[in-house]
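With mmCIF, C-alpha atoms inside, this is data.cif:
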```cif
data_coords
loop_
_atom_site.label_atom_id
_atom_site.label_comp_id
_atom_site.auth_asym_id
_atom_site.auth_seq_id
_atom_site.Cartn_x
_atom_site.Cartn_y
_atom_site.Cartn_z
CA MET F 30 -0.39 28.02 11.79
CA PRO F 31 -3.84 28.20 10.16
CA THR F 32 -6.31 25.56 11.17
CA LEU F 33 -7.55 22.90 8.78
CA PRO F 34 -11.08 23.06 7.39
CA ARG F 35 -13.50 21.61 9.96
CA ALA F 36 -15.04 19.27 7.38
CA VAL F 37 -11.71 17.42 7.11
CA TYR F 38 -11.78 15.92 10.63
CA PRO F 39 -14.75 13.53 10.31
CA LEU F 40 -13.30 12.31 7.02
CA LEU F 41 -9.96 11.65 8.68
CA ALA F 42 -11.79 9.79 11.46
CA GLY F 43 -13.58 7.63 8.90
CA SER F 44 -10.29 6.88 7.16
CA ALA F 45 -8.68 5.93 10.48
CA LEU F 46 -11.49 3.46 11.21
CA LEU F 47 -11.17 2.02 7.71
CA MET F 48 -7.41 1.57 8.03
CA PHE F 49 -7.71 0.08 11.52
CA ALA F 50 -10.12 -2.52 10.16
CA GLY F 51 -7.77 -3.17 7.24
CA GLY F 52 -4.86 -3.66 9.64
CA VAL F 53 -6.77 -6.22 11.70
CA ASN F 54 -8.12 -8.04 8.66
CA GLY F 55 -4.82 -8.02 6.80
CA LEU F 56 -2.96 -9.67 9.67
CA ILE F 57 -5.54 -12.08 11.10
CA LEU F 58 -5.96 -13.93 7.81
CA PRO F 59 -2.32 -15.06 7.32
CA VAL F 60 -1.91 -15.70 11.05
CA ARG F 61 -5.10 -17.74 11.35
CA GLY F 62 -4.44 -19.45 8.02
CA SER F 63 -1.00 -20.53 9.21
CA GLU F 64 -2.54 -21.86 12.44
CA GLU F 65 -5.06 -23.82 10.36
CA GLY F 66 -2.25 -25.42 8.38
CA PHE F 67 -2.80 -23.63 5.07
CA SER F 68 0.12 -24.01 2.66
CA SER F 69 2.46 -21.12 1.87
CA PHE F 70 1.16 -21.19 -1.70
CA ALA F 71 -2.45 -20.79 -0.55
CA LEU F 72 -1.52 -17.99 1.84
CA GLY F 73 0.40 -16.24 -0.94
CA LEU F 74 -2.74 -16.34 -3.06
CA LEU F 75 -4.43 -14.18 -0.40
CA GLY F 76 -2.10 -11.35 -1.39
CA THR F 77 -2.66 -12.02 -5.07
CA GLY F 78 -6.43 -11.90 -4.54
CA TRP F 79 -6.19 -8.66 -2.56
CA ALA F 80 -4.02 -6.96 -5.18
CA GLY F 81 -6.28 -8.06 -8.01
CA GLY F 82 -9.36 -6.75 -6.21
CA TYR F 83 -7.57 -3.53 -5.30
CA ILE F 84 -6.61 -2.82 -8.92
CA LEU F 85 -10.14 -3.60 -10.09
CA GLY F 86 -11.53 -1.24 -7.45
CA CYS F 87 -9.29 1.60 -8.62
CA LEU F 88 -10.42 1.05 -12.21
CA VAL F 89 -14.13 0.48 -11.66
CA MET F 90 -14.95 2.83 -8.80
CA PRO F 91 -14.89 6.16 -10.72
CA ARG F 92 -17.68 4.98 -13.03
CA THR F 93 -19.59 3.38 -10.15
CA VAL F 94 -19.54 6.58 -8.13
CA GLY F 95 -20.58 8.49 -11.26
CA ARG F 96 -23.72 6.32 -11.48
CA VAL F 97 -24.83 6.02 -7.86
CA GLY F 98 -23.03 8.81 -5.97
CA HIS F 99 -20.37 8.90 -3.29
CA ILE F 100 -22.43 8.07 -0.21
CA ARG F 101 -24.25 5.11 -1.74
CA ALA F 102 -21.03 3.75 -3.23
CA PHE F 103 -19.21 4.13 0.09
CA SER F 104 -22.02 2.31 1.90
CA ALA F 105 -21.84 -0.50 -0.65
CA MET F 106 -18.06 -0.81 -0.28
CA THR F 107 -18.16 -0.98 3.52
CA SER F 108 -20.93 -3.59 3.28
CA LEU F 109 -18.84 -5.69 0.91
CA ALA F 110 -15.86 -5.44 3.26
CA VAL F 111 -17.98 -6.62 6.21
CA VAL F 112 -19.37 -9.52 4.17
CA SER F 113 -15.89 -10.61 3.09
CA VAL F 114 -14.59 -10.61 6.67
CA LEU F 115 -17.53 -12.46 8.20
CA ALA F 116 -17.71 -14.96 5.33
CA SER F 117 -14.01 -15.70 5.93
CA LEU F 118 -14.93 -16.55 9.53
CA LEU F 119 -17.79 -18.83 8.45
CA ILE F 120 -15.79 -20.66 5.78
CA ILE F 121 -12.31 -21.57 7.06
CA ASP F 122 -10.92 -22.71 3.73
CA PRO F 123 -8.11 -21.20 1.63
CA TRP F 124 -9.98 -21.51 -1.65
CA ALA F 125 -12.84 -19.52 -0.19
CA TRP F 126 -10.55 -17.00 1.42
CA VAL F 127 -8.75 -16.07 -1.82
CA PRO F 128 -11.82 -14.69 -3.68
CA LEU F 129 -13.12 -13.18 -0.44
CA ARG F 130 -9.79 -11.40 -0.05
CA GLY F 131 -10.25 -10.11 -3.59
CA VAL F 132 -13.65 -8.73 -2.58
CA ALA F 133 -12.02 -7.06 0.42
CA GLY F 134 -9.34 -5.48 -1.79
CA PHE F 135 -11.98 -4.18 -4.18
CA ALA F 136 -14.08 -2.74 -1.35
CA PHE F 137 -11.09 -1.26 0.46
CA ALA F 138 -9.83 0.50 -2.68
CA GLY F 139 -13.27 1.89 -3.45
CA ALA F 140 -13.88 3.13 0.08
CA ALA F 141 -10.42 4.73 0.30
CA MET F 142 -10.89 6.51 -3.04
CA ILE F 143 -14.21 7.96 -1.94
CA VAL F 144 -12.83 9.24 1.39
CA GLU F 145 -9.85 10.76 -0.41
CA SER F 146 -12.15 12.40 -2.95
CA TRP F 147 -14.07 14.06 -0.10
CA LEU F 148 -10.81 15.18 1.51
CA ASN F 149 -9.62 16.64 -1.77
CA GLU F 150 -12.86 18.59 -2.11
CA ARG F 151 -12.77 19.90 1.48
CA SER F 152 -9.12 21.02 1.38
CA ASP F 153 -7.86 24.09 -0.48
CA ALA F 154 -4.49 25.13 -1.90
CA GLY F 155 -3.42 26.52 1.47
CA SER F 156 -4.22 23.38 3.44
CA ARG F 157 -3.67 20.55 0.94
CA GLY F 158 -0.11 19.78 2.02
CA ARG F 159 -1.03 19.58 5.71
CA VAL F 160 -4.13 17.52 4.97
CA PHE F 161 -2.06 15.10 2.89
CA GLY F 162 0.59 14.78 5.61
CA LEU F 163 -1.97 14.30 8.38
CA TYR F 164 -3.94 11.81 6.29
CA THR F 165 -0.79 9.75 5.63
CA MET F 166 0.26 9.80 9.29
CA ILE F 167 -3.20 8.82 10.54
CA ASN F 168 -3.48 5.96 8.06
CA LEU F 169 -0.10 4.52 9.02
CA ALA F 170 -0.86 4.84 12.73
CA ALA F 171 -4.32 3.27 12.35
CA THR F 172 -2.97 0.36 10.30
CA THR F 173 -0.27 -0.25 12.90
CA LEU F 174 -2.79 -0.14 15.76
CA GLY F 175 -4.99 -2.59 13.88
CA GLN F 176 -2.12 -5.03 13.58
CA MET F 177 -1.07 -4.58 17.20
CA ALA F 178 -4.66 -5.25 18.33
CA LEU F 179 -4.02 -8.94 17.68
CA THR F 180 -1.82 -9.03 20.77
CA PHE F 181 -4.87 -8.56 23.02
CA GLY F 182 -6.84 -11.69 22.22
CA ASP F 183 -6.88 -15.25 20.95
CA THR F 184 -6.36 -15.47 17.19
CA SER F 185 -7.93 -18.95 17.07
CA THR F 186 -11.40 -17.56 17.87
CA TYR F 187 -13.88 -15.37 16.03
CA LEU F 188 -12.80 -12.21 17.93
CA PHE F 189 -10.65 -10.43 15.34
CA PHE F 190 -12.87 -11.23 12.38
CA VAL F 191 -15.78 -9.63 14.21
CA LEU F 192 -13.60 -6.71 15.32
CA ALA F 193 -12.57 -5.99 11.74
CA ALA F 194 -16.21 -6.17 10.61
CA ILE F 195 -17.27 -3.76 13.36
CA PHE F 196 -14.65 -1.18 12.42
CA TYR F 197 -15.45 -1.45 8.71
CA SER F 198 -19.05 -0.67 9.64
CA LEU F 199 -18.04 2.20 11.91
CA ALA F 200 -16.01 3.73 9.07
CA LEU F 201 -19.30 4.59 7.38
CA LEU F 202 -20.53 6.83 10.18
CA PRO F 203 -18.30 9.96 10.12
CA SER F 204 -18.52 10.62 6.40
CA GLY F 205 -22.07 9.26 6.03
CA LEU F 206 -23.45 11.49 8.76
CA TYR F 207 -21.38 14.58 8.05
CA ALA F 208 -21.04 14.79 4.26
CA SER F 209 -23.63 17.31 3.08
CA HIS F 210 -22.96 17.15 -0.64
CA ALA F 211 -21.03 14.97 -3.03
CA PRO F 212 -17.62 16.15 -4.24
CA ASN F 213 -16.39 16.09 -7.82
CA PRO F 214 -16.20 12.76 -9.73
CA LEU F 215 -13.35 10.44 -8.84
CA VAL F 216 -10.09 10.54 -10.72
CA GLY F 217 -9.77 7.70 -13.24
CA ALA F 218 -6.62 5.57 -13.48
CA LYS F 219 -5.15 4.85 -16.90
CA LEU F 220 -2.01 2.96 -17.86
CA ASP F 221 -0.22 4.91 -20.61
CA LEU F 222 2.77 2.56 -20.71
CA PRO F 223 4.49 4.01 -23.83
CA THR F 224 4.57 7.51 -22.31
CA LEU F 225 5.68 6.21 -18.92
CA TRP F 226 8.46 4.22 -20.57
CA ARG F 227 9.65 7.20 -22.64
CA ASN F 228 9.68 9.41 -19.56
CA SER F 229 11.43 6.98 -17.22
CA PRO F 230 12.17 3.33 -18.07
CA ILE F 231 13.65 2.76 -14.63
CA ALA F 232 10.43 3.90 -12.94
CA VAL F 233 8.40 1.40 -14.96
CA ALA F 234 10.70 -1.53 -14.17
CA ALA F 235 11.39 -0.51 -10.59
CA VAL F 236 7.79 -0.02 -9.54
CA VAL F 237 6.83 -3.51 -10.76
CA LEU F 238 9.74 -5.06 -8.86
CA ILE F 239 8.90 -3.02 -5.76
CA GLY F 240 5.33 -4.30 -6.03
CA VAL F 241 6.66 -7.87 -6.12
CA SER F 242 8.85 -7.33 -3.06
CA ASN F 243 6.53 -5.23 -0.91
CA SER F 244 3.42 -7.31 -1.51
CA ALA F 245 5.27 -10.56 -0.84
CA PHE F 246 6.45 -9.21 2.50
CA GLY F 247 3.11 -7.56 3.33
CA THR F 248 1.21 -10.81 2.70
CA LEU F 249 3.63 -13.47 3.94
CA GLY F 250 5.75 -11.61 6.48
CA ALA F 251 3.40 -12.77 9.25
CA VAL F 252 3.59 -16.34 7.93
CA TYR F 253 7.39 -16.16 7.98
CA ALA F 254 7.32 -14.89 11.56
CA ASP F 255 4.85 -17.58 12.64
CA ARG F 256 6.91 -20.36 11.08
CA ILE F 257 10.09 -19.31 12.85
CA ASP F 258 8.07 -19.71 16.06
CA LEU F 259 7.49 -16.12 17.07
CA ASP F 260 4.49 -15.51 19.34
CA ILE F 261 1.53 -13.45 18.17
CA GLY F 262 2.66 -10.30 19.97
CA THR F 263 6.06 -10.47 18.29
CA ILE F 264 4.48 -11.26 14.91
CA ALA F 265 2.34 -8.13 15.16
CA LEU F 266 5.37 -6.09 16.20
CA PHE F 267 7.44 -7.63 13.39
CA MET F 268 4.95 -6.37 10.80
CA SER F 269 4.16 -3.05 12.47
CA ILE F 270 7.75 -1.99 13.10
CA SER F 271 8.51 -2.35 9.39
CA ILE F 272 5.70 0.09 8.48
CA LEU F 273 6.70 2.61 11.14
CA ALA F 274 10.37 2.43 10.16
CA GLY F 275 9.37 2.91 6.53
CA ALA F 276 7.38 6.02 7.43
CA GLY F 277 10.19 7.49 9.52
CA ALA F 278 12.92 6.77 6.98
CA GLN F 279 11.21 8.73 4.22
CA VAL F 280 12.25 12.07 5.72
CA PRO F 281 16.04 11.55 5.50
CA ILE F 282 15.77 9.54 2.28
CA GLY F 283 13.66 12.28 0.72
CA TYR F 284 16.23 14.86 1.82
CA PHE F 285 19.05 13.06 0.02
CA SER F 286 16.96 12.23 -3.05
CA ASP F 287 16.20 15.94 -3.54
CA ARG F 288 19.92 16.74 -3.50
CA MET F 289 21.45 13.97 -5.60
CA ASP F 290 20.56 11.54 -8.35
CA ARG F 291 17.45 9.75 -7.10
CA ARG F 292 18.57 6.58 -8.87
CA ILE F 293 21.67 6.43 -6.69
CA VAL F 294 19.51 6.81 -3.60
CA LEU F 295 17.23 4.05 -4.92
CA VAL F 296 20.21 1.76 -5.50
CA ALA F 297 21.55 2.48 -2.01
CA ILE F 298 18.33 1.67 -0.16
CA THR F 299 17.66 -1.36 -2.38
CA ALA F 300 21.18 -2.65 -1.74
CA THR F 301 20.58 -2.27 2.01
CA ALA F 302 17.35 -4.25 1.68
CA LEU F 303 19.25 -6.90 -0.30
CA VAL F 304 21.79 -7.22 2.52
CA VAL F 305 18.91 -7.87 4.93
CA ASP F 306 17.45 -10.40 2.47
CA ILE F 307 20.72 -12.31 2.31
CA PHE F 308 21.18 -12.14 6.08
CA LEU F 309 17.73 -13.59 6.78
CA VAL F 310 18.19 -16.33 4.18
CA LEU F 311 21.69 -17.43 5.16
CA VAL F 312 21.75 -16.79 8.90
CA GLN F 313 18.05 -17.42 9.64
CA PRO F 314 18.29 -15.74 13.07
CA ALA F 315 16.17 -16.99 15.95
CA SER F 316 16.84 -14.10 18.33
CA VAL F 317 13.75 -11.87 18.65
CA PRO F 318 15.70 -8.58 18.92
CA VAL F 319 17.72 -9.47 15.83
CA VAL F 320 14.63 -10.40 13.83
CA LEU F 321 12.84 -7.20 14.85
CA ALA F 322 15.90 -5.09 14.01
CA ALA F 323 16.07 -6.75 10.60
CA SER F 324 12.38 -6.01 10.05
CA ALA F 325 12.91 -2.35 10.95
CA VAL F 326 15.82 -1.91 8.54
CA PHE F 327 13.99 -3.86 5.85
CA GLY F 328 10.82 -1.79 6.23
CA ALA F 329 12.77 1.47 6.24
CA CYS F 330 14.15 0.50 2.85
CA ILE F 331 11.25 -1.14 1.01
CA PHE F 332 8.58 1.37 2.05
CA SER F 333 10.80 4.27 0.98
CA MET F 334 11.41 2.95 -2.54
CA TYR F 335 7.98 3.72 -3.99
CA PRO F 336 7.94 7.49 -3.24
CA VAL F 337 11.51 7.80 -4.57
CA VAL F 338 10.45 6.15 -7.83
CA VAL F 339 7.34 8.35 -8.11
CA ALA F 340 9.46 11.46 -7.56
CA HIS F 341 12.02 10.32 -10.14
CA ALA F 342 9.32 9.57 -12.73
CA ASN F 343 7.80 13.00 -12.23
CA ASP F 344 11.21 14.63 -12.63
CA HIS F 345 11.04 13.49 -16.26
CA ALA F 346 7.30 13.89 -16.80
CA PRO F 347 5.81 16.75 -18.87
CA ASP F 348 4.13 19.62 -17.07
CA ASN F 349 0.66 18.88 -15.70
CA TYR F 350 1.28 15.14 -15.95
CA PHE F 351 1.65 14.27 -12.27
CA LEU F 352 -1.66 12.43 -11.89
CA ARG F 353 -1.25 10.48 -15.11
CA THR F 354 2.26 9.41 -14.10
CA SER F 355 1.26 8.50 -10.54
CA GLY F 356 -1.83 6.63 -11.72
CA GLY F 357 0.14 4.59 -14.24
CA LEU F 358 2.81 3.73 -11.68
CA LEU F 359 0.13 2.71 -9.20
CA LEU F 360 -1.33 0.23 -11.70
CA LEU F 361 2.14 -1.14 -12.47
CA PHE F 362 2.76 -1.49 -8.73
CA GLY F 363 -0.50 -3.44 -8.56
CA ILE F 364 0.65 -5.80 -11.31
CA GLY F 365 3.79 -6.54 -9.32
CA SER F 366 1.65 -6.96 -6.22
CA VAL F 367 -0.37 -9.68 -7.95
CA ALA F 368 2.77 -11.64 -8.82
CA GLY F 369 4.78 -11.14 -5.61
CA PRO F 370 2.78 -13.16 -3.06
CA LEU F 371 2.17 -15.93 -5.60
CA LEU F 372 5.88 -16.26 -6.39
CA ALA F 373 6.87 -16.07 -2.72
CA GLY F 374 4.27 -18.68 -1.76
CA VAL F 375 5.67 -21.12 -4.32
CA ILE F 376 9.28 -20.57 -3.21
CA MET F 377 8.35 -20.87 0.47
CA SER F 378 6.64 -24.19 -0.26
CA PHE F 379 10.03 -25.58 -1.32
CA ALA F 380 12.53 -23.51 0.66
CA GLY F 381 10.66 -22.96 3.92
CA PRO F 382 10.11 -19.59 5.63
CA ALA F 383 13.36 -18.12 4.27
CA GLY F 384 11.89 -18.51 0.78
CA LEU F 385 10.08 -15.22 1.38
CA PHE F 386 13.38 -13.36 1.42
CA VAL F 387 14.71 -15.37 -1.51
CA THR F 388 11.83 -13.82 -3.46
CA THR F 389 12.49 -10.29 -2.26
CA ALA F 390 16.22 -10.74 -2.86
CA LEU F 391 15.59 -11.66 -6.50
CA ALA F 392 13.42 -8.57 -6.98
CA HIS F 393 15.93 -6.29 -5.26
CA ALA F 394 18.90 -7.68 -7.18
CA ALA F 395 17.10 -7.20 -10.50
CA LEU F 396 16.20 -3.62 -9.55
CA ILE F 397 19.81 -2.78 -8.64
CA VAL F 398 21.21 -4.21 -11.88
CA TYR F 399 18.73 -2.34 -14.08
CA ALA F 400 19.13 0.92 -12.13
CA LEU F 401 22.90 0.81 -12.55
CA LEU F 402 22.49 0.25 -16.28
CA ARG F 403 20.17 3.25 -16.54
CA ILE F 404 22.56 5.44 -14.55
CA ARG F 405 25.23 4.72 -17.17
CA THR F 406 22.80 5.37 -20.03
CA ARG F 407 21.01 8.58 -19.00
CA ALA F 408 22.07 11.63 -17.03
CA ALA F 409 20.11 12.76 -13.99
CA PRO F 410 17.61 15.62 -14.59
CA THR F 411 18.79 19.12 -13.79
CA GLU F 412 15.37 20.19 -12.42
CA LYS F 413 13.42 18.13 -9.93
CA THR F 414 10.01 17.94 -8.39
CA GLU F 415 9.97 17.97 -4.61
CA PHE F 416 10.03 14.59 -2.82
CA VAL F 417 6.89 14.03 -0.76
CA ALA F 418 6.64 11.24 1.83
CA ALA F 419 3.83 8.82 1.07
CA GLN F 420 2.10 5.79 2.49
CA PRO F 421 3.01 2.36 1.07
CA GLY F 422 1.85 1.77 -2.50
CA ARG F 423 -0.68 -0.89 -1.60
CA MET F 424 -2.46 1.68 0.59
CA SER F 425 -2.55 4.33 -2.14
CA THR F 426 -5.04 5.14 -4.89
CA LEU F 427 -5.09 7.77 -7.61
CA GLU F 428 -7.20 9.90 -5.28
CA THR F 429 -4.26 9.79 -2.86
CA ALA F 430 -2.16 11.32 -5.64
CA SER F 431 -4.76 14.04 -6.19
CA LEU F 432 -4.29 15.05 -2.52
CA ASP F 433 -0.51 15.30 -3.02
CA PRO F 434 0.63 18.95 -3.01
CA ARG F 435 2.54 18.27 -6.24
CA ALA F 436 -0.82 17.81 -8.00
CA GLU F 437 -2.04 21.34 -7.21
CA GLU F 438 -1.12 22.65 -10.64
CA ASP F 439 -2.09 19.49 -12.46
CA GLU F 440 -4.99 19.17 -14.88
CA ILE F 441 -7.18 17.50 -12.29
CA GLU F 442 -10.42 18.40 -13.99
CA LEU F 443 -9.21 16.90 -17.27
CA GLU F 444 -8.35 13.69 -15.47
CA ARG F 445 -11.75 13.56 -13.84
CA LEU F 446 -13.40 14.07 -17.20
CA ASP F 447 -11.28 11.23 -18.60
CA ALA F 448 -12.77 8.98 -15.90
CA GLY F 449 -16.25 9.56 -17.26
CA GLU F 450 -15.51 8.83 -20.92
#
```

Step by step, read the file and then write its structure as structure tokens.
Amino acid sequence: MPTLPRAVYPLLAGSALLMFAGGVNGLILPVRGSEEGFSSFALGLLGTGWAGGYILGCLVMPRTVGRVGHIRAFSAMTSLAVVSVLASLLIIDPWAWVPLRGVAGFAFAGAAMIVESWLNERSDAGSRGRVFGLYTMINLAATTLGQMALTFGDTSTYLFFVLAAIFYSLALLPSGLYASHAPNPLVGAKLDLPTLWRNSPIAVAAVVLIGVSNSAFGTLGAVYADRIDLDIGTIALFMSISILAGAGAQVPIGYFSDRMDRRIVLVAITATALVVDIFLVLVQPASVPVVLAASAVFGACIFSMYPVVVAHANDHAPDNYFLRTSGGLLLLFGIGSVAGPLLAGVIMSFAGPAGLFVTTALAHAALIVYALLRIRTRAAPTEKTEFVAAQPGRMSTLETASLDPRAEEDEIELERLDAGE
């Protein structure tokens, strides 16, 4: 097997450090906030703030990089991330944490886009698929390790805030010291809703509902685990096992989705997630093995939905439209991600911890009903794009899509020019 370009490795190292910091920061805030007695509504707003900042970063960063360059922009984003983490340590208050979490989402999106832009420039047609796969695997592993790091210290102290800040700072070093020249301009994200809707109505509706479900769980899953009295080690495992199961499940789910109607596959995995929702709401298990098993099944389903929807949307998309479709779906996912934690926080305030899975159950039930209606209305496409496993939507940017092997024949340069209009 041919080796990857040498310039790829420091960029992958920088991405790993960035994702590790994001894993620590993303888990310490809801855990510490719950310990401080923050309400479920306030903790849900953390996810809303993150999603809002993340969307803004995806929209603003291409123009920012065009003005100041990749290295300066990346330095600014890592600095903002460090400031947001340390300010959250200095001001233990939910109404300060929400905008600071928005700053972190903005900085994280910008930094990830810049790293992915460098990776895209350093990889060629022969290595793009392997670079994309390795990048996805490293990011998932680094995020998981960041979450599991919380098992090695006291979450009531400053330790994990400082640790996240340190790793955000370290993320600057590999690309900052190695990058010799700036790559092409970043890809710009645009929401062409009429075209997306004409191509695939189910993709438009489904990706919003998946954003609601996945962001609610990603933000408040740790709060749920804390409030059913799991210890910090189990909380970290509860969140991490869902991500790992989601990554592993994409291989068999992708296999079936390439060989049958993707909408049927989507309905099947969503129905399985709905069964877990109902189980956790009605039974409210206290057994740690049962809760962890439920998290694994749940993660395997919810983190596999997004790539199935992207593949289905691109089955119907015109030629050379992969980036436009993926970018539009990413923004729609972000809209759902803004609403999900807010809705779940409100329901949990009235229904207790199980309110999290009431929220996800509503989203999953709505997705199933609409998907079944669309299956009756429109036949499956006779020609398909290839399913490609992907990291969860809230960890993706349009630059992630440009790394996808399916974008090799796309009009990437046209999209980059669109970003500079």

What is the CA of Ala368 (chain F)-CA of Val252 (chain F) distance in Å, reported with one decimal? 17.4 Å

Counting all atoms listed in the file, give me one row per residue of region 256-355 of chain F with an atom at most 9 Å from an atom of region 47-69 of chain F, showing the shortest contact pair and its distance in Å to one decimal, sorted by chain then residue number, as CSV.
```
residue,atom,partner,partner_atom,distance
F:Arg256,CA,F:Ser63,CA,8.1
F:Ile261,CA,F:Val60,CA,8.2
F:Ile264,CA,F:Val60,CA,8.7
F:Ala265,CA,F:Leu56,CA,7.8
F:Met268,CA,F:Leu56,CA,8.6
```

The residue from F:Cys330, F:Ala193, F:Val97, F:Val144 with the smallest atom-to-atom distance to Val114 (chain F), counting all atoms listed in the file, is F:Ala193

Target residues per the PyMOL selection byres ((chain F and resi 293) around 12), formatted as a PyMOL selection string: chain F and resi 231+282+285-292+294-300+334+337-338+341+396-405+408-409

Could you dump the residues just selected with C-alpha atoms as a compact mmCIF listing (two decimals), keeping the file's coordinate frame?
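Final output, selection39.txt:
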```txt
# COMPACT_ATOMS: atom_id res chain seq x y z
CA ILE F 231 13.65 2.76 -14.63
CA ILE F 282 15.77 9.54 2.28
CA PHE F 285 19.05 13.06 0.02
CA SER F 286 16.96 12.23 -3.05
CA ASP F 287 16.20 15.94 -3.54
CA ARG F 288 19.92 16.74 -3.50
CA MET F 289 21.45 13.97 -5.60
CA ASP F 290 20.56 11.54 -8.35
CA ARG F 291 17.45 9.75 -7.10
CA ARG F 292 18.57 6.58 -8.87
CA VAL F 294 19.51 6.81 -3.60
CA LEU F 295 17.23 4.05 -4.92
CA VAL F 296 20.21 1.76 -5.50
CA ALA F 297 21.55 2.48 -2.01
CA ILE F 298 18.33 1.67 -0.16
CA THR F 299 17.66 -1.36 -2.38
CA ALA F 300 21.18 -2.65 -1.74
CA MET F 334 11.41 2.95 -2.54
CA VAL F 337 11.51 7.80 -4.57
CA VAL F 338 10.45 6.15 -7.83
CA HIS F 341 12.02 10.32 -10.14
CA LEU F 396 16.20 -3.62 -9.55
CA ILE F 397 19.81 -2.78 -8.64
CA VAL F 398 21.21 -4.21 -11.88
CA TYR F 399 18.73 -2.34 -14.08
CA ALA F 400 19.13 0.92 -12.13
CA LEU F 401 22.90 0.81 -12.55
CA LEU F 402 22.49 0.25 -16.28
CA ARG F 403 20.17 3.25 -16.54
CA ILE F 404 22.56 5.44 -14.55
CA ARG F 405 25.23 4.72 -17.17
CA ALA F 408 22.07 11.63 -17.03
CA ALA F 409 20.11 12.76 -13.99
```

Please produce, as a Markdown table, a per-residue contact table for region 131-194 of chain F versus region 37-44 of chain F (criterion: any atom at most 10 Å away, all atoms listed in the file considered), showing the nearest atom pair and its distance in Å to one decimal, sorted by chain then residue number.
```
| residue | atom | partner | partner_atom | distance |
| --- | --- | --- | --- | --- |
| F:Ala140 | CA | F:Ser44 | CA | 8.8 |
| F:Ala141 | CA | F:Ser44 | CA | 7.2 |
| F:Ile143 | CA | F:Ser44 | CA | 10.0 |
| F:Val144 | CA | F:Leu40 | CA | 6.4 |
| F:Glu145 | CA | F:Leu40 | CA | 8.3 |
| F:Trp147 | CA | F:Leu40 | CA | 7.4 |
| F:Leu148 | CA | F:Val37 | CA | 6.1 |
| F:Asn149 | CA | F:Val37 | CA | 9.2 |
| F:Glu150 | CA | F:Val37 | CA | 9.4 |
| F:Arg151 | CA | F:Val37 | CA | 6.2 |
| F:Ser152 | CA | F:Val37 | CA | 7.2 |
| F:Val160 | CA | F:Val37 | CA | 7.9 |
| F:Leu163 | CA | F:Leu41 | CA | 8.4 |
| F:Tyr164 | CA | F:Leu41 | CA | 6.5 |
| F:Thr165 | CA | F:Leu41 | CA | 9.8 |
| F:Ile167 | CA | F:Leu41 | CA | 7.6 |
| F:Asn168 | CA | F:Ser44 | CA | 6.9 |
| F:Ala171 | CA | F:Ser44 | CA | 8.7 |
```

Return as JSON, numbers by chain the set of residues that the PyMOL selection byres ((chain F and resi 90) around 9) yields on the displayed structure. {"F": [85, 86, 87, 88, 89, 91, 92, 93, 94, 95, 102, 135, 138, 139, 140, 142, 143, 215, 217]}

Nearest to Pro230 (chain F): which of F:Phe190, F:Phe103, F:Asp258, F:Ala342 is it, counting only C-alpha atoms?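 The closest residue to Pro230 (chain F) is F:Ala342.
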